[in-house]
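Below is the file start_27.txt, which contains compact mmCIF, C-alpha atoms.
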# COMPACT_ATOMS: atom_id res chain seq x y z
CA MET U 16 -13.46 14.71 -17.74
CA ASN U 17 -10.73 16.82 -16.19
CA ALA U 18 -7.57 15.17 -14.93
CA VAL U 19 -7.29 15.18 -11.15
CA HIS U 20 -4.80 18.05 -10.96
CA ASP U 21 -7.09 20.35 -12.96
CA MET U 22 -9.01 21.50 -9.91
CA GLY U 23 -10.26 24.93 -10.94
CA GLY U 24 -14.02 25.01 -10.50
CA LEU U 25 -14.38 21.49 -9.12
CA PRO U 26 -17.42 21.45 -6.84
CA SER U 27 -16.18 22.03 -3.33
CA GLU U 28 -17.89 23.22 -0.19
CA GLN U 29 -14.75 22.69 1.81
CA PRO U 30 -13.67 25.73 3.82
CA ILE U 31 -10.08 26.89 3.35
CA ASP U 32 -7.91 25.52 6.13
CA ARG U 33 -5.73 28.52 6.88
CA SER U 34 -3.44 26.79 9.34
CA GLU U 35 0.18 26.49 8.26
CA HIS U 36 2.80 24.01 9.33
CA HIS U 37 6.54 24.37 9.59
CA LEU U 38 8.05 22.35 6.80
CA MET U 39 9.74 19.20 8.05
CA GLU U 40 13.42 18.71 7.25
CA TRP U 41 12.66 16.08 4.60
CA GLU U 42 10.15 18.43 2.94
CA ARG U 43 12.72 21.21 2.80
CA ARG U 44 15.24 18.72 1.43
CA THR U 45 12.77 17.76 -1.29
CA GLY U 46 12.33 21.35 -2.44
CA ALA U 47 16.09 21.89 -2.40
CA LEU U 48 16.91 18.62 -4.20
CA VAL U 49 14.48 19.49 -6.98
CA ASP U 50 16.09 22.93 -7.32
CA VAL U 51 19.58 21.39 -7.45
CA LEU U 52 18.50 18.95 -10.16
CA ARG U 53 16.94 21.80 -12.14
CA GLU U 54 20.11 23.86 -11.78
CA LYS U 55 22.11 20.94 -13.16
CA ARG U 56 19.61 20.48 -15.99
CA VAL U 57 18.90 16.92 -14.88
CA ILE U 58 15.18 17.67 -14.78
CA ASN U 59 13.01 20.68 -15.54
CA THR U 60 9.83 22.14 -14.07
CA ASP U 61 7.60 20.79 -16.82
CA GLU U 62 8.87 17.26 -16.32
CA LEU U 63 8.27 17.50 -12.59
CA ARG U 64 4.74 18.70 -13.25
CA ARG U 65 4.12 15.96 -15.80
CA GLY U 66 5.25 13.39 -13.20
CA ILE U 67 2.91 14.84 -10.57
CA GLU U 68 0.01 14.90 -13.02
CA ALA U 69 0.68 11.24 -13.86
CA ILE U 70 -0.06 10.14 -10.28
CA PRO U 71 -3.34 8.18 -10.20
CA PRO U 72 -6.22 10.31 -8.86
CA ASP U 73 -6.76 8.45 -5.57
CA GLU U 74 -3.08 8.57 -4.76
CA TYR U 75 -2.85 12.22 -5.83
CA ARG U 76 -5.53 13.12 -3.28
CA ARG U 77 -4.05 10.95 -0.55
CA LEU U 78 -0.43 12.09 -0.79
CA GLY U 79 0.90 15.22 0.87
CA TYR U 80 2.29 18.03 -1.25
CA TYR U 81 5.98 17.07 -1.08
CA GLU U 82 5.06 13.39 -1.24
CA ARG U 83 3.72 14.12 -4.71
CA TRP U 84 7.03 15.80 -5.58
CA SER U 85 8.94 12.79 -4.29
CA THR U 86 6.75 10.42 -6.31
CA SER U 87 7.24 12.48 -9.47
CA LEU U 88 10.97 12.75 -8.95
CA GLU U 89 11.25 8.97 -8.67
CA ILE U 90 9.34 8.52 -11.93
CA LEU U 91 11.73 10.93 -13.68
CA LEU U 92 15.00 9.61 -12.26
CA VAL U 93 14.07 6.01 -13.09
CA GLU U 94 12.90 7.05 -16.56
CA LYS U 95 16.21 8.80 -17.19
CA GLY U 96 18.13 5.73 -16.09
CA LEU U 97 19.90 7.53 -13.25
CA LEU U 98 18.45 5.29 -10.55
CA THR U 99 16.57 2.00 -10.47
CA LYS U 100 13.49 1.18 -8.46
CA GLN U 101 15.40 -1.66 -6.78
CA GLU U 102 18.15 0.70 -5.63
CA ILE U 103 15.60 3.09 -4.20
CA ASP U 104 13.68 0.23 -2.50
CA GLY U 105 16.88 -0.95 -0.84
CA ARG U 106 18.05 2.45 0.32
CA ALA U 107 14.59 3.51 1.50
CA ALA U 108 14.61 0.49 3.82
CA THR U 109 17.98 1.60 5.22
CA VAL U 110 16.69 5.14 5.70
CA GLY U 111 13.62 3.72 7.45
CA ALA U 112 15.78 1.61 9.72
CA ARG U 113 17.90 4.63 10.67
CA TRP U 114 14.71 6.54 11.46
CA ALA U 115 13.18 3.79 13.58
CA MET R 5 26.25 7.17 2.40
CA ASN R 6 24.37 8.89 5.16
CA ILE R 7 23.56 12.44 4.07
CA GLY R 8 23.17 13.49 7.65
CA TRP R 9 19.55 12.57 7.84
CA ASN R 10 18.50 10.89 11.07
CA ARG R 11 15.44 11.01 13.19
CA PRO R 12 15.37 14.47 14.78
CA ALA R 13 16.08 14.55 18.50
CA ILE R 14 12.95 16.56 19.27
CA ARG R 15 9.97 14.73 17.94
CA ARG R 16 6.94 15.82 19.83
CA ASP R 17 6.86 19.48 19.13
CA PRO R 18 3.11 20.06 18.82
CA GLY R 19 3.75 22.59 16.08
CA LEU R 20 5.53 20.03 13.97
CA THR R 21 3.67 17.99 11.40
CA MET R 22 4.73 15.77 8.57
CA GLY R 23 2.64 17.40 5.94
CA SER R 24 1.46 13.96 5.12
CA ASP R 25 -2.18 13.30 4.49
CA HIS R 26 -2.42 9.52 4.54
CA ASP R 27 -5.74 9.09 6.24
CA HIS R 28 -7.17 12.45 5.49
CA PRO R 29 -8.37 12.99 1.97
CA GLY R 30 -8.67 16.61 1.03
CA ASP R 31 -5.23 17.60 2.31
CA HIS R 32 -6.19 18.10 5.89
CA HIS R 33 -3.56 18.27 8.60
CA HIS R 34 -3.66 17.22 12.22
CA PRO R 35 -0.60 18.77 13.82
CA GLY R 36 1.27 16.81 16.43
CA THR R 37 -0.64 13.53 16.34
CA GLU R 38 1.08 10.12 16.54
CA GLU R 39 0.93 9.48 12.81
CA ASP R 40 2.84 12.67 12.16
CA ILE R 41 6.04 11.34 13.66
CA THR R 42 6.45 8.44 11.29
CA LEU R 43 8.46 8.96 8.14
CA SER R 44 6.21 8.16 5.21
CA GLN R 45 7.28 5.94 2.31
CA PRO R 46 7.57 8.85 -0.15
CA ALA R 47 9.70 10.70 2.43
CA ARG R 48 12.00 7.67 2.86
CA ARG R 49 12.26 7.26 -0.88
CA LEU R 50 13.12 10.91 -1.32
CA LEU R 51 15.95 10.71 1.20
CA ALA R 52 17.10 7.47 -0.43
CA MET R 53 17.19 9.14 -3.85
CA GLU R 54 19.22 12.04 -2.49
CA GLU R 55 21.81 9.70 -0.97
CA LEU R 56 22.08 7.65 -4.15
CA LEU R 57 22.45 10.75 -6.34
CA VAL R 58 25.31 11.97 -4.15
CA GLU R 59 27.03 8.57 -4.28
CA LYS R 60 26.76 8.46 -8.05
CA GLY R 61 28.16 11.95 -8.37
CA VAL R 62 25.03 13.35 -10.03
CA ILE R 63 24.94 16.02 -7.32
CA GLY R 64 27.57 17.20 -4.88
CA ALA R 65 27.47 16.28 -1.20
CA ASP R 66 26.78 19.86 -0.14
CA ASP R 67 24.43 20.92 -2.94
CA VAL R 68 21.16 20.25 -1.15
CA ARG R 69 22.26 21.94 2.06
CA ARG R 70 23.47 24.98 0.12
CA VAL R 71 20.15 25.36 -1.71
CA MET R 72 18.21 24.82 1.52
CA ASP R 73 19.98 27.86 2.92
CA VAL R 74 19.13 29.91 -0.17
CA ILE R 75 15.46 28.92 0.09
CA ALA R 76 15.38 29.63 3.84
CA ALA R 77 16.60 33.18 3.22
CA ARG R 78 13.59 34.05 1.02
CA SER R 79 10.55 35.71 2.54
CA PRO R 80 7.63 37.96 1.59
CA VAL R 81 9.66 40.90 2.90
CA ASP R 82 11.39 41.03 -0.49
CA GLY R 83 8.03 41.41 -2.20
CA ALA R 84 7.02 44.01 0.40
CA ARG R 85 10.13 46.06 -0.40
CA VAL R 86 9.29 46.07 -4.08
CA VAL R 87 5.73 47.19 -3.30
CA ALA R 88 6.87 50.01 -1.00
CA ARG R 89 9.26 51.22 -3.68
CA ALA R 90 6.46 51.21 -6.24
CA TRP R 91 4.24 53.23 -3.89
CA MET R 92 7.01 55.77 -3.38
CA ASP R 93 8.15 56.05 -6.97
CA PRO R 94 5.50 56.21 -9.74
CA ALA R 95 8.09 55.78 -12.50
CA PHE R 96 9.38 52.63 -10.85
CA LYS R 97 5.80 51.40 -10.52
CA LEU R 98 5.24 51.77 -14.26
CA ARG R 99 8.42 49.86 -15.01
CA LEU R 100 7.42 47.16 -12.49
CA LEU R 101 4.06 46.63 -14.16
CA GLU R 102 5.52 46.68 -17.67
CA ASP R 103 8.68 44.67 -17.19
CA PRO R 104 8.89 43.16 -13.70
CA ARG R 105 12.10 41.31 -14.39
CA ALA R 106 13.99 44.45 -15.37
CA ALA R 107 12.47 46.48 -12.52
CA LEU R 108 13.48 43.85 -9.98
CA ALA R 109 17.00 43.72 -11.35
CA GLU R 110 17.11 47.49 -10.90
CA VAL R 111 16.54 47.15 -7.15
CA GLY R 112 19.06 44.36 -6.84
CA TYR R 113 16.98 41.19 -6.93
CA PRO R 114 18.39 38.18 -8.74
CA PRO R 115 16.39 37.23 -11.83
CA VAL R 116 13.24 35.27 -11.12
CA SER R 117 14.30 31.81 -12.19
CA GLY R 118 12.80 30.16 -15.21
CA SER R 119 9.33 31.49 -15.51
CA LYS R 120 7.90 34.90 -16.21
CA LEU R 121 6.65 37.12 -13.39
CA ALA R 122 3.66 39.40 -13.82
CA VAL R 123 2.70 42.13 -11.35
CA VAL R 124 -0.99 43.06 -11.23
CA GLU R 125 -2.08 46.32 -9.66
CA ASN R 126 -5.01 46.67 -7.29
CA THR R 127 -6.92 49.94 -7.48
CA GLU R 128 -10.06 51.44 -5.93
CA ARG R 129 -12.04 49.68 -8.67
CA VAL R 130 -10.22 46.41 -9.32
CA HIS R 131 -8.96 43.78 -6.90
CA HIS R 132 -6.84 40.79 -8.01
CA LEU R 133 -6.72 37.36 -6.42
CA VAL R 134 -3.93 34.92 -7.33
CA VAL R 135 -4.36 31.15 -7.48
CA CYS R 136 -2.71 28.24 -9.23
CA SER R 137 -5.58 25.86 -9.90
CA LEU R 138 -3.34 23.28 -11.61
CA CYS R 139 -0.59 22.97 -9.02
CA SER R 140 1.03 25.56 -6.77
CA CYS R 141 2.90 28.00 -8.99
CA TYR R 142 3.97 30.97 -6.92
CA PRO R 143 6.77 33.53 -7.21
CA THR R 144 8.88 31.76 -4.58
CA SER R 145 12.11 33.51 -5.48
CA LEU R 146 10.46 36.79 -4.47
CA LEU R 147 8.00 35.74 -1.74
CA GLY R 148 9.42 32.53 -0.30
CA PRO R 149 7.52 29.25 -0.32
CA PRO R 150 3.74 29.40 -0.74
CA PRO R 151 1.55 28.98 2.34
CA ASP R 152 -0.18 25.62 2.88
CA TRP R 153 -3.65 26.94 2.01
CA TYR R 154 -2.39 28.16 -1.39
CA LYS R 155 -1.59 24.52 -2.21
CA SER R 156 -4.81 23.14 -0.73
CA PHE R 157 -7.42 21.47 -2.90
CA ALA R 158 -10.13 23.73 -1.46
CA TYR R 159 -8.35 26.95 -2.46
CA ARG R 160 -7.37 25.63 -5.89
CA SER R 161 -10.88 24.52 -6.77
CA ARG R 162 -12.86 27.40 -5.24
CA ALA R 163 -10.78 30.52 -5.94
CA VAL R 164 -11.64 30.58 -9.65
CA VAL R 165 -15.41 30.17 -9.22
CA ASP R 166 -16.12 31.84 -5.87
CA PRO R 167 -13.35 34.35 -5.23
CA ARG R 168 -15.54 36.57 -3.07
CA GLY R 169 -16.55 33.62 -0.89
CA VAL R 170 -12.91 32.58 -0.55
CA MET R 171 -11.79 36.11 0.34
CA ARG R 172 -14.59 36.39 2.88
CA GLU R 173 -13.05 33.43 4.71
CA PHE R 174 -9.86 35.47 4.95
CA GLY R 175 -11.86 38.37 6.35
CA LEU R 176 -11.83 40.37 3.14
CA GLU R 177 -15.01 41.73 1.60
CA PHE R 178 -15.56 44.14 -1.30
CA GLY R 179 -18.71 45.88 -2.43
CA GLU R 180 -20.19 45.31 -5.87
CA GLY R 181 -18.42 48.49 -7.03
CA VAL R 182 -15.12 46.65 -6.94
CA GLU R 183 -14.42 44.24 -9.78
CA VAL R 184 -12.66 41.06 -8.65
CA ARG R 185 -10.24 39.53 -11.13
CA VAL R 186 -8.80 36.08 -10.51
CA VAL R 187 -5.43 35.40 -12.11
CA ASP R 188 -4.56 31.72 -12.50
CA SER R 189 -0.82 31.09 -12.40
CA ALA R 190 1.00 28.48 -14.40
CA ALA R 191 4.52 27.12 -14.41
CA ASP R 192 5.47 29.64 -17.09
CA LEU R 193 3.78 32.71 -15.61
CA ARG R 194 3.52 33.59 -11.93
CA TYR R 195 1.76 36.54 -10.39
CA MET R 196 2.36 39.00 -7.58
CA VAL R 197 -0.24 41.55 -6.53
CA LEU R 198 0.71 45.19 -6.13
CA PRO R 199 -1.75 46.08 -3.36
CA LEU R 200 -3.51 49.41 -3.03
CA ARG R 201 -1.59 51.80 -0.81
CA PRO R 202 -3.55 52.33 2.43
CA GLU R 203 -4.94 55.75 3.15
CA GLY R 204 -3.16 57.80 5.77
CA THR R 205 0.29 56.66 4.70
CA GLU R 206 1.26 59.86 2.93
CA GLY R 207 4.63 61.03 4.14
CA MET R 208 5.62 57.67 5.60
CA ALA R 209 9.16 56.47 5.02
CA GLU R 210 9.77 53.53 2.69
CA GLU R 211 10.81 51.26 5.58
CA GLU R 212 7.56 52.04 7.42
CA LEU R 213 5.57 51.20 4.30
CA VAL R 214 7.40 47.87 3.94
CA ALA R 215 6.16 46.88 7.39
CA LEU R 216 2.53 47.39 6.33
CA VAL R 217 2.69 44.96 3.40
CA THR R 218 1.56 41.48 4.40
CA ARG R 219 2.23 38.28 2.50
CA ASP R 220 -1.52 37.75 2.08
CA SER R 221 -1.85 41.17 0.45
CA LEU R 222 0.70 40.08 -2.18
CA VAL R 223 -1.53 37.13 -3.09
CA GLY R 224 -4.78 39.09 -2.89
CA VAL R 225 -6.43 37.33 0.05
CA GLY R 226 -5.59 40.32 2.22
CA VAL R 227 -4.89 44.04 2.08
CA PRO R 228 -1.94 45.86 3.67
CA ASN R 229 -2.18 46.75 7.34
CA GLN R 230 -3.47 50.19 8.24
CA PRO R 231 -0.89 52.51 9.77
CA ALA R 232 -1.15 52.94 13.52
CA VAL R 233 -3.09 56.09 14.34
CA ASN R 234 -1.17 58.61 16.38
CA PRO R 235 -3.07 59.74 19.49

Could you render the structure as structure tokens?
Amino acid sequence: MNAVHDMGGLPSEQPIDRSEHHLMEWERRTGALVDVLREKRVINTDELRRGIEAIPPDEYRRLGYYERWSTSLEILLVEKGLLTKQEIDGRAATVGARWA
Amino acid sequence: MNIGWNRPAIRRDPGLTMGSDHDHPGDHHHPGTEEDITLSQPARRLLAMEELLVEKGVIGADDVRRVMDVIAARSPVDGARVVARAWMDPAFKLRLLEDPRAALAEVGYPPVSGSKLAVVENTERVHHLVVCSLCSCYPTSLLGPPPDWYKSFAYRSRAVVDPRGVMREFGLEFGEGVEVRVVDSAADLRYMVLPLRPEGTEGMAEEELVALVTRDSLVGVGVPNQPAVNP
């Protein structure tokens, strides 16, 4: 069976939704952060892709595009020992509190 | 450290969505609804990671903002300029098809980062449609970020098996005399379409030609605009 990301030819009757949305600030930040980390050779494109493809199928389908990038980036940064899950948990709560 | 991220002052712009699909499998968006104005967990975690990376000195405090500006400056107009040049100059066109990287450098574009770029030419007999069925690979350094539908599950799954049906939804239909070729991008090889020059554009200036080239025509779900007919 194909992995979830391998979508070519999957049965689909779904029409193409041609509407486009303006990227939110955090989405643009995600794209830029990934580029910065690539520039600095902290991660590369193939690693990012491997992280995205490692997301369990249900979650892969549920998450938005840049949410998948964020999820992959976290996998990579924790793997490389640059950040810990606990650190990210703590700071994400602070970010959430600032947003609320 | 606060990287300058706070809840935006304007939050109910109906054109603004989070791009988050929580309750809508199949990457479907509902612009401007209540759920769109919450910051999702992956979004919070992303902003948290950025702050922590700055604090640890892995990235500089201004790096992300600087790259955001670079990304914001990219648009399909760059691709349109390359196409107009190729229409005007047959020798340039040959070089563009044979060695896109060198041809782009010739007209002053920075090298396409990382992966290889291929340019595929549409003719009276052959039409190309670009997809990335595995993810969303797209020549962003030349065309800007890909449109939402390019990243959608429906486009990724259907383009390779029913390209004519997909193009029909974009209002594009070809007779059986035109062969449709689907090119599936990957992280190492990205495609741009060199669309067929519209009839009635002979003698037009390069700048006028640039204005006819749409983003969708560079992906193959559209064709360039027809020139306005003089009365």

Between U:Gly46, U:Gly111, U:Val57, U:Arg65, which has the minimum distance to U:Leu97 (counting only C-alpha atoms)?
U:Val57

What's the separation between atom CA of R:Ala158 and atom CA of R:Cys136, in Å to one decimal place?
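Here the two named atoms are 11.7 Å from each other.
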
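Put simply, atom CA of U:Val51 is 26.7 Å away from atom CA of R:Val223.
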
Smallest atom-to-atom distance to U:Leu52: which of U:Ala108, U:Ile103, U:Leu92, U:Leu98, using only C-alpha atoms?
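Of all the options, U:Leu92 lies closest to U:Leu52.
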
For a test of reading the model, state the distance in Å between atom CA of R:Leu101 and atom CA of R:Glu180, rounded to one decimal.
25.7 Å

List as an MDAnalysis selection string the protein and nucleic acid residues near U:Glu42, meaning an atom at most 9 Å away when all atoms listed in the file are counted, but skip any in the same chain fewer than 2 places from it.
(chainID U and resid 38:40 44:47 80:82) or (chainID R and resid 22:23 47)

Spatial neighbours of R:Tyr195, 12 Å, all atoms listed in the file, chain gap at least 5 places, as a short mmCIF file (atom, residue, chain, number, x, y, z; two decimals) with C-alpha atoms, in the coordinates of the input:
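Full text of part_38.cif as output:
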data_model
loop_
_atom_site.label_atom_id
_atom_site.label_comp_id
_atom_site.auth_asym_id
_atom_site.auth_seq_id
_atom_site.Cartn_x
_atom_site.Cartn_y
_atom_site.Cartn_z
CA GLY R 83 8.03 41.41 -2.20
CA LEU R 101 4.06 46.63 -14.16
CA PRO R 104 8.89 43.16 -13.70
CA VAL R 116 13.24 35.27 -11.12
CA SER R 119 9.33 31.49 -15.51
CA LYS R 120 7.90 34.90 -16.21
CA LEU R 121 6.65 37.12 -13.39
CA ALA R 122 3.66 39.40 -13.82
CA VAL R 123 2.70 42.13 -11.35
CA VAL R 124 -0.99 43.06 -11.23
CA GLU R 125 -2.08 46.32 -9.66
CA HIS R 132 -6.84 40.79 -8.01
CA LEU R 133 -6.72 37.36 -6.42
CA VAL R 134 -3.93 34.92 -7.33
CA VAL R 135 -4.36 31.15 -7.48
CA CYS R 136 -2.71 28.24 -9.23
CA SER R 140 1.03 25.56 -6.77
CA CYS R 141 2.90 28.00 -8.99
CA TYR R 142 3.97 30.97 -6.92
CA PRO R 143 6.77 33.53 -7.21
CA THR R 144 8.88 31.76 -4.58
CA SER R 145 12.11 33.51 -5.48
CA LEU R 146 10.46 36.79 -4.47
CA LEU R 147 8.00 35.74 -1.74
CA VAL R 186 -8.80 36.08 -10.51
CA VAL R 187 -5.43 35.40 -12.11
CA ASP R 188 -4.56 31.72 -12.50
CA SER R 189 -0.82 31.09 -12.40
CA ALA R 190 1.00 28.48 -14.40
CA LEU R 222 0.70 40.08 -2.18
CA VAL R 223 -1.53 37.13 -3.09
CA GLY R 224 -4.78 39.09 -2.89
#

Would you kindly report the residues of chain U within 8 Å of chain R, using all atoms listed in the file, as number ranges by chain?
U: 20-39, 41-48, 50-52, 60-61, 76-83, 85-86, 89, 98, 103-104, 106-108, 110-111, 113-115

Using all atoms listed in the file, which of the listed residues (R:Asp66, R:Glu211, R:Glu206, R:Glu183) sits closest to R:Arg129?
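Smallest distance to R:Arg129 is found for R:Glu183.
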
Can you spit out stretch 56-80 of chain U with N, CA and C atoms, as a PDB file, in the first residue's frame, from the structure just given?
ATOM      1  N   ARG U  56      22.466  25.193   6.788  1.00  0.00           N
ATOM      2  CA  ARG U  56      22.786  23.765   6.754  1.00  0.00           C
ATOM      3  C   ARG U  56      22.420  23.053   8.055  1.00  0.00           C
ATOM      4  N   VAL U  57      21.394  23.574   8.740  1.00  0.00           N
ATOM      5  CA  VAL U  57      20.916  22.879   9.942  1.00  0.00           C
ATOM      6  C   VAL U  57      20.015  21.721   9.512  1.00  0.00           C
ATOM      7  N   ILE U  58      19.207  21.958   8.499  1.00  0.00           N
ATOM      8  CA  ILE U  58      18.381  20.891   7.928  1.00  0.00           C
ATOM      9  C   ILE U  58      18.493  20.973   6.404  1.00  0.00           C
ATOM     10  N   ASN U  59      18.022  19.942   5.719  1.00  0.00           N
ATOM     11  CA  ASN U  59      17.912  20.052   4.266  1.00  0.00           C
ATOM     12  C   ASN U  59      16.512  19.628   3.804  1.00  0.00           C
ATOM     13  N   THR U  60      16.242  19.861   2.522  1.00  0.00           N
ATOM     14  CA  THR U  60      14.907  19.609   1.978  1.00  0.00           C
ATOM     15  C   THR U  60      14.474  18.160   2.158  1.00  0.00           C
ATOM     16  N   ASP U  61      15.408  17.240   1.947  1.00  0.00           N
ATOM     17  CA  ASP U  61      15.049  15.823   2.046  1.00  0.00           C
ATOM     18  C   ASP U  61      14.672  15.437   3.472  1.00  0.00           C
ATOM     19  N   GLU U  62      15.358  16.039   4.440  1.00  0.00           N
ATOM     20  CA  GLU U  62      14.996  15.755   5.832  1.00  0.00           C
ATOM     21  C   GLU U  62      13.602  16.288   6.138  1.00  0.00           C
ATOM     22  N   LEU U  63      13.328  17.491   5.653  1.00  0.00           N
ATOM     23  CA  LEU U  63      12.011  18.086   5.900  1.00  0.00           C
ATOM     24  C   LEU U  63      10.917  17.184   5.315  1.00  0.00           C
ATOM     25  N   ARG U  64      11.174  16.707   4.123  1.00  0.00           N
ATOM     26  CA  ARG U  64      10.219  15.839   3.438  1.00  0.00           C
ATOM     27  C   ARG U  64      10.050  14.512   4.199  1.00  0.00           C
ATOM     28  N   ARG U  65      11.166  13.971   4.640  1.00  0.00           N
ATOM     29  CA  ARG U  65      11.097  12.717   5.404  1.00  0.00           C
ATOM     30  C   ARG U  65      10.253  12.911   6.673  1.00  0.00           C
ATOM     31  N   GLY U  66      10.430  14.060   7.337  1.00  0.00           N
ATOM     32  CA  GLY U  66       9.644  14.358   8.536  1.00  0.00           C
ATOM     33  C   GLY U  66       8.160  14.462   8.222  1.00  0.00           C
ATOM     34  N   ILE U  67       7.832  15.114   7.101  1.00  0.00           N
ATOM     35  CA  ILE U  67       6.420  15.260   6.710  1.00  0.00           C
ATOM     36  C   ILE U  67       5.833  13.888   6.397  1.00  0.00           C
ATOM     37  N   GLU U  68       6.622  13.067   5.697  1.00  0.00           N
ATOM     38  CA  GLU U  68       6.119  11.756   5.292  1.00  0.00           C
ATOM     39  C   GLU U  68       5.995  10.806   6.485  1.00  0.00           C
ATOM     40  N   ALA U  69       6.640  11.159   7.605  1.00  0.00           N
ATOM     41  CA  ALA U  69       6.561  10.317   8.797  1.00  0.00           C
ATOM     42  C   ALA U  69       5.310  10.612   9.633  1.00  0.00           C
ATOM     43  N   ILE U  70       4.577  11.658   9.265  1.00  0.00           N
ATOM     44  CA  ILE U  70       3.367  12.001  10.030  1.00  0.00           C
ATOM     45  C   ILE U  70       2.318  10.918   9.790  1.00  0.00           C
ATOM     46  N   PRO U  71       1.702  10.393  10.861  1.00  0.00           N
ATOM     47  CA  PRO U  71       0.695   9.338  10.677  1.00  0.00           C
ATOM     48  C   PRO U  71      -0.428   9.805   9.735  1.00  0.00           C
ATOM     49  N   PRO U  72      -0.950   8.869   8.918  1.00  0.00           N
ATOM     50  CA  PRO U  72      -1.893   9.232   7.858  1.00  0.00           C
ATOM     51  C   PRO U  72      -3.065  10.120   8.302  1.00  0.00           C
ATOM     52  N   ASP U  73      -3.710   9.776   9.405  1.00  0.00           N
ATOM     53  CA  ASP U  73      -4.876  10.572   9.826  1.00  0.00           C
ATOM     54  C   ASP U  73      -4.471  12.005  10.124  1.00  0.00           C
ATOM     55  N   GLU U  74      -3.326  12.134  10.796  1.00  0.00           N
ATOM     56  CA  GLU U  74      -2.857  13.468  11.149  1.00  0.00           C
ATOM     57  C   GLU U  74      -2.427  14.219   9.877  1.00  0.00           C
ATOM     58  N   TYR U  75      -1.771  13.514   8.987  1.00  0.00           N
ATOM     59  CA  TYR U  75      -1.338  14.114   7.714  1.00  0.00           C
ATOM     60  C   TYR U  75      -2.520  14.757   7.007  1.00  0.00           C
ATOM     61  N   ARG U  76      -3.655  14.024   6.976  1.00  0.00           N
ATOM     62  CA  ARG U  76      -4.827  14.550   6.265  1.00  0.00           C
ATOM     63  C   ARG U  76      -5.487  15.686   7.023  1.00  0.00           C
ATOM     64  N   ARG U  77      -5.383  15.652   8.343  1.00  0.00           N
ATOM     65  CA  ARG U  77      -6.070  16.644   9.170  1.00  0.00           C
ATOM     66  C   ARG U  77      -5.314  17.981   9.203  1.00  0.00           C
ATOM     67  N   LEU U  78      -3.986  17.896   9.216  1.00  0.00           N
ATOM     68  CA  LEU U  78      -3.186  19.113   9.378  1.00  0.00           C
ATOM     69  C   LEU U  78      -3.200  19.972   8.116  1.00  0.00           C
ATOM     70  N   GLY U  79      -3.086  21.280   8.312  1.00  0.00           N
ATOM     71  CA  GLY U  79      -2.899  22.192   7.186  1.00  0.00           C
ATOM     72  C   GLY U  79      -1.478  22.063   6.648  1.00  0.00           C
ATOM     73  N   TYR U  80      -1.261  22.664   5.502  1.00  0.00           N
ATOM     74  CA  TYR U  80       0.024  22.530   4.810  1.00  0.00           C
ATOM     75  C   TYR U  80       1.206  22.932   5.688  1.00  0.00           C
TER      76      TYR U  80
END
